[in-house]
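**Student:** Pasting a structure below so you can have a look.
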Amino acid sequence: MAELGAGSLLLGDPAFNYQEAELNERLKRLYPAVNEDETPLPRSWSPKDKYSYIGLSQNNLRVHYKGHGKNHKDAASVRATHPIPAACGIYYFEVKIVSKGLDFLSSLLPLSPIPGWDKHSYGYHGDDGHSFCSSGTGQPYGPTFTTGDVIGCCVNLINNTCFYTKNGISLGVAFTDLPPNLYPTVGLQTPGEIVDANFGQQPFVFDIEDYMSEWRAKIHGMIARFPIGERLGEWQAVLQNMVSTYLVHHGYCATATAFARATETLIQEDQTSIKNRQRIQKLVLAGRVGEAIEATQQLYPGLLEHNPNLLFMLKCRQFVEMVNGTDSEVRCFSIRSPKSQDSYPGSPSLSPRHGATNPNLHSAGKGNTPSHLPIHLPSVDSEMEIEAEHYTNGVAENPSARIMNGTYKHQEILQAQDISLEDSCASRQLCGGNQAATERMIQFGRELQGLNEQLCREYGKNVTHKKMLQDAFSLLAYSDPWNCPVGQQLDPMQRENICSALNSAILESQNLPKQPPLMLALGQATECVQLMARVRSGSCSFARVDNFLH
Amino acid sequence: TKCVHLPPEVTATSRHYVDRLFDPDPQKVLQGVIDMKNAVIGNNKQKANLIVLGAVPRLLYLLQQGSSSSELRAECAVVLGSLAMGTENNIKSLVDCHIIPALLQGLLCPDLIFIEACLRCLRTVFISPVTPVQLLYTDPTVIPHLMSLLSRSQRTQEYITQIFSHCCKTPEHQTVLFNHGAIQNIAPLLISPSYKVRMQALKCFSVLAYENTQVSMTLVNVLVDEELLSQVFVRMMQRDQPIDMQLTAAKCLTYMCRAGAIRTDDSCIVLKTLPCLVRMCSKERLLEERVEGAETLAYLMEPDVELQRIASVTDHLVAMLADYFKYPSSVSAITDIKRVRHWTLLIEPSQQHTTLHTTLDHDLKHAHELRQAAFKLYASLGSNDEDIRKKITETENMMDRIVSGLSESSVKVRLAAVRCLHSLSRSVQQLRTSFHDHAVWKPLMKLLQNAPDEVLVMASSTLCNLLLEFSPSKEPILESGVIELLCSLTQSDSPALRVNGIWALMNMAFQADQKVKGEIVRALGTEQLFRLLSDPDSNVLMKTLGLLRNLLSTRPHIDQVMSSHGKQIMQAVTLILEGEHSIEVKEQTLCILANIADGNTAKELIMTNDDILQKIKYYMAHSNVKLQLAATFCISNLIWNEEDGSQERQDKLRELGFVDILHKLTQASDPNLCDRAKTAMQQYLA
């Protein structure tokens, strides 16, 4: 009980928290590819996986020997809380000999009395400087070590080797063909022996980051110099196709045409079709879902009828946009809403805030929701770069003037919407604050409810639909829907998923791929790298997809 | 004037190019030069033809003419630069045409494009081994002007620093460049955005700092963008940097360390430079890198045992070096391809062909280079620590490799091998075991027969150790008739060789039998022996005295030597005791007197020499304990009881006041001296 108490006291210790934060930061920097939810990193010795002759203290980092130490039978060891994750690529820890006896140090699988003497266990012994690999007889390896020395152990999970360091000097490869799942371990045999571990709590004596940089450069070089040989032309065609299909998919019509002209390639889809999709997408992203549904039905008859789930999602979104006051069904009640489909009320310069946290990127490979490439479209500004056109500076100072700004000739902007208009209002109101609009919204809500019931009858209960509907209707329960627990739905960023889903459905109906190959390739690469970590291929840590995305 | 046979059709086209340079229309001349430029790129034959046909003087004329357009002048410089990219003969012809002063003159022109073309050509000419580097320094205004051009462009920076790093070959060159502000001007280039500029600037610092304390001391205090230069070098050694950069940065720090500007225990040496150089020795590196890495590492740790200890446990260095002897091998074939590829990136396409042709020669050269580098590094590693020496000799086939290295054709390898052997011969244990087992004395003796002085110095020095009394090789060496050879060494002009020769004889005479001693005296000759006693080199004098002392040991030997050479020896001893010599020399001389005093008949030579007795008396009262001890020893031997005539000698010495001195010395604070004096006094009491 006393120990527990001390433990919780320590947690409140600011110095300890600071150390913890420093440890987390250092581990994150050293092993960015490790997903600690799946494979936690070793952070201390394990109080469970140890011999009784071993005592632990100082947050389970200090090990002392409390046995008799008469012969090898009295040797004892302790291992770290977790094995070394393969995604580390290169793993390193150090041990400082605080008080010398006969010291043993290793990384090993089972808990054997002296590291290196049992099957699948590896060690470097301080009394004779020998290395021990799964047996009791050692090989001459390095120098002996004693009190005050810092001994480090580096496991290279790329080529499955291991080397030790002494006071910051690499002693050279000790073992090759190492098995996976090794634990940092230390073994002691003499009374009074004390060693302190450093799993990243302190800066290391050996410059492990320099060693890592060499391997990072090696792996990047390997990728960069991957032999293409005869297939150079083939590759070029594939790459051009990837770019082209990506542009077409998202409806960057002019860019796609220009690219096709420059590379002398053909676009599968005809211009009108691309422009139609572009128009529909613009409408969805502008929050004018009703018009988008209308346009879809007009341009692609039967599409939504064959995709009742998609229609339901669109209608739900339409309801949300009504609450938002952006859908034309409610907007027509306001003086400010031009019905024309060619002009955009609101600011075209503000795009949804694609964050680095966009959850779509990593799910893309699993064939879930199609998504935009977040790295590509962080803001409208970067889209502008694609087209090499520029807004005149200073427009942001007067958002309302911008709508009519004649200098804006940009034809390719998709994320056109009116948040800035709303933001500029003193306070946002339900359906734009219009009574008639509110009534229309409630009526639409009833229709939506009816649609849901109809779908239930035809296709059976659908939990997702029910949840969607509930969430949408919940908005009405709050006086300020924008600042309520379900208010996130009103975020314009939420339009993107439905926009992509609609776009994909249209493409599918035209027998075109519902996802651009670029996204598929990216998703696949990301998945492959994750898979490499799971099958313990260490090089994955230096071949991260985001290293190649800018 | 030169007799060159060219196929007529080739000459015709080439002649046409040259003829166009003489066209009266300047526009046509320009077009002619441009066409010539396109014709020579990558075409060695064409280059040679044009040179033979006299294109160079005409191009130089056009280049120097004030009336030429700046475009024409620049194109001329470009063509000359292209011609310089050809064979070494091309360079020779260009230099003979005085291209260097013409191009240096061109650098005064304000036009940057022209300057860059001139510098590019100068660079190509100066990096060739056939160009005398002195040509850069003949005109004293050139270096300051080049310094001022460093600010013009990245190209001028690259070419000028490359010229400097190739033309800085002597301490004088270093001083000239240093005095013209090379350090301040070049340091900022280390953080240039261009890799080539960074690299050439780095190379400049490595040649400037080499064995130059002034430069090195200045370098440690230089700041580049608020960062210490040594830290900039450390960053350049990071493992993800290009190997060439890592290696050159390590050289800079090594030279600064050896010049005393950085301590050997500084972490940038121990944790960065040393491990970086060890990495350069790994099998993954190219052959040149392995050679340079090993040589630089050997140089870095030569004077510091702690660095030697660290290196000996770093990355299995000792075992890694064993791979240096496995070339050429199947593994090296792969490395070779890598090497050729690496080169082709650096040279103009026209040189590719030559490179491939000379690959075989290079292989052989590389095998030599690798072996000598490994021997050097082993020598450095084993120069102080017994455990490291043991580790080295236990490396697979190590002794065999040294033995065969001693008789290799390449002098460089022989020298390195004997250096390695010398380093290992400092180990008593190795002398007793591996040296004897492998009969290293045999190739060593062979090496001594006919070798350049530097090899002789090392070999004879090693022989000295092999002649130590506990060395089992001593006997066979003696039997091989080495005495004549050693005696001839004592007549060498090189003090190092004289020392080694006499040193070896000294070791040989230690506890030797009468026959050997007689042979030594006979072979050396008394004249030479006494010449050596007046040698200007105090080391030679010390070892000669040592030889005398060893010859004058055991009573019968003393009497025999003294009976034949007593007069000269006593004269020499007197001279040395009267002369300006170090304490060690005088101590050694007094010890010789003590040995003489131990003889039966030889004693009389001292007893009858009042001058010597006065000198002994003087040294017994000397302020230096060592001299007092040696002098007391001498007296003690003279008055020793149980020997014929001891009574008379005791009486005489008492008369001369020695007893009083001995009495005083029994009170001496030094326990040895005190004991010795008491023992001597007891002779009187008995």
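Just so we're on the same page: first chain in the structure tokens is A, next is B, and so on; residues restart at 1 for each chain, and ligands are numbered from 1 in the order they show up.
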For chain B, work out the contacting residues on chain A at 12 Å, counting only C-alpha atoms, and write them as a VMD selection string.
**Tutor:** chain A and resid 129 140 to 144 162 to 174 205 to 221
**Student:** List the neighbours of range 81-95 of chain B out to 6 Å using only C-alpha atoms; skip same-chain residues closer than 4 positions along the sequence, and give me the result as a list of chain:residue names.
**Tutor:**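 Contacts, in chain order: B:Asn44, B:Lys47, B:Ile99, B:Cys121.
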**Student:** If we count only C-alpha atoms, what is near Met313 in chain A at a cut-off of 10 Å, once residues fewer than 6 positions away on the same chain are taken out, given as a list in words?
**Tutor:**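 Final neighbour list, sorted by chain and number: Phe319, Thr464, His465, Met468, Leu469, Ile498, Ala501 and Leu502 of chain A.
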**Student:** Looking only at the backbone, which of the residues in range 340-519 of chain B does DSSP tag as alpha helix (DSSP H), as a PyMOL selection string?
**Tutor:** chain B and resi 340-346+352-357+359-381+386-393+398-405+411-424+428-432+434-437+441-449+453-466+474-479+483-489+495-509+514-519
**Student:** Residues near Lys28 in chain A, anyone? I mean within 12 Å using only C-alpha atoms, not counting same-chain ones fewer than 6 positions away, as a JSON list (two decimals) with N, CA and C atoms, in the first residue's frame.
**Tutor:**
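What ended up in part-v8.json:
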[["chain", "number", "residue", "atom", "x", "y", "z"],
["A", 21, "ALA", "N", 7.14, 14.02, -20.01],
["A", 21, "ALA", "CA", 6.89, 14.73, -21.27],
["A", 21, "ALA", "C", 8.14, 14.71, -22.15],
["A", 22, "GLU", "N", 9.29, 14.87, -21.49],
["A", 22, "GLU", "CA", 10.54, 14.86, -22.24],
["A", 22, "GLU", "C", 10.78, 13.48, -22.86],
["A", 34, "VAL", "N", 6.40, 4.30, -34.89],
["A", 34, "VAL", "CA", 5.80, 3.33, -33.95],
["A", 34, "VAL", "C", 4.41, 3.80, -33.54],
["A", 35, "ASN", "N", 3.46, 2.91, -33.68],
["A", 35, "ASN", "CA", 2.12, 3.17, -33.19],
["A", 35, "ASN", "C", 2.01, 2.54, -31.80],
["A", 36, "GLU", "N", 2.10, 3.38, -30.79],
["A", 36, "GLU", "CA", 2.19, 2.83, -29.43],
["A", 36, "GLU", "C", 0.88, 2.19, -28.95],
["A", 40, "PRO", "N", 3.53, -0.84, -27.77],
["A", 40, "PRO", "CA", 4.14, 0.15, -26.86],
["A", 40, "PRO", "C", 5.65, 0.00, -26.80],
["A", 41, "LEU", "N", 6.32, 1.10, -26.57],
["A", 41, "LEU", "CA", 7.78, 1.08, -26.46],
["A", 41, "LEU", "C", 8.18, 0.75, -25.02],
["A", 87, "ALA", "N", 8.72, -1.43, -35.84],
["A", 87, "ALA", "CA", 8.57, -0.14, -36.51],
["A", 87, "ALA", "C", 9.58, 0.89, -36.01],
["A", 88, "CYS", "N", 10.34, 0.55, -34.98],
["A", 88, "CYS", "CA", 11.42, 1.45, -34.54],
["A", 88, "CYS", "C", 12.46, 1.58, -35.65],
["A", 200, "GLY", "N", 15.45, 6.51, -22.91],
["A", 200, "GLY", "CA", 15.13, 7.75, -23.60],
["A", 200, "GLY", "C", 14.82, 8.85, -22.60],
["A", 541, "SER", "N", 10.31, 2.11, -40.93],
["A", 541, "SER", "CA", 10.39, 3.34, -40.14],
["A", 541, "SER", "C", 11.06, 4.46, -40.91]]
**Student:** I'd like the neighbourhood of range 320-332 of chain A as a PyMOL selection string, where a residue qualifies if any of its atoms comes within 9 Å (using only C-alpha atoms), though same-chain residues fewer than 6 positions away should be ignored.
**Tutor:** chain A and resi 286-291+338-339+417-418+428-434+436-438+440-441+472-473+475-476+481-482+489-490
**Student:** Just the residues within 9 Å of range 528-530 of chain B, please, counting only C-alpha atoms, with nothing from its chain fewer than 4 positions along; format it as a count of residues only.
**Tutor:** 12
**Student:** Would you compute the distance between CA of Thr608 in chain B and CA of Cys674 in chain B? Give it in Å to one decimal.
**Tutor:**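 So the answer is 27.4 Å.
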**Student:** Taking only C-alpha atoms into account, name the residue in A:Asp37, A:Asp196, A:Glu230, A:Glu269 that is nearest to Val95 in chain A.
**Tutor:**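 Using only C-alpha atoms, the shortest distance to Val95 in chain A belongs to A:Asp196.
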**Student:** Identify which of the residues A:Gln201, A:Asn307, A:Ser504, A:Gln443 lies closest to Tyr18 in chain A, counting only C-alpha atoms when measuring atom-to-atom distances.
**Tutor:**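 Ranking A:Gln201, A:Asn307, A:Ser504, A:Gln443 by distance to Tyr18 in chain A, first place goes to A:Gln201.
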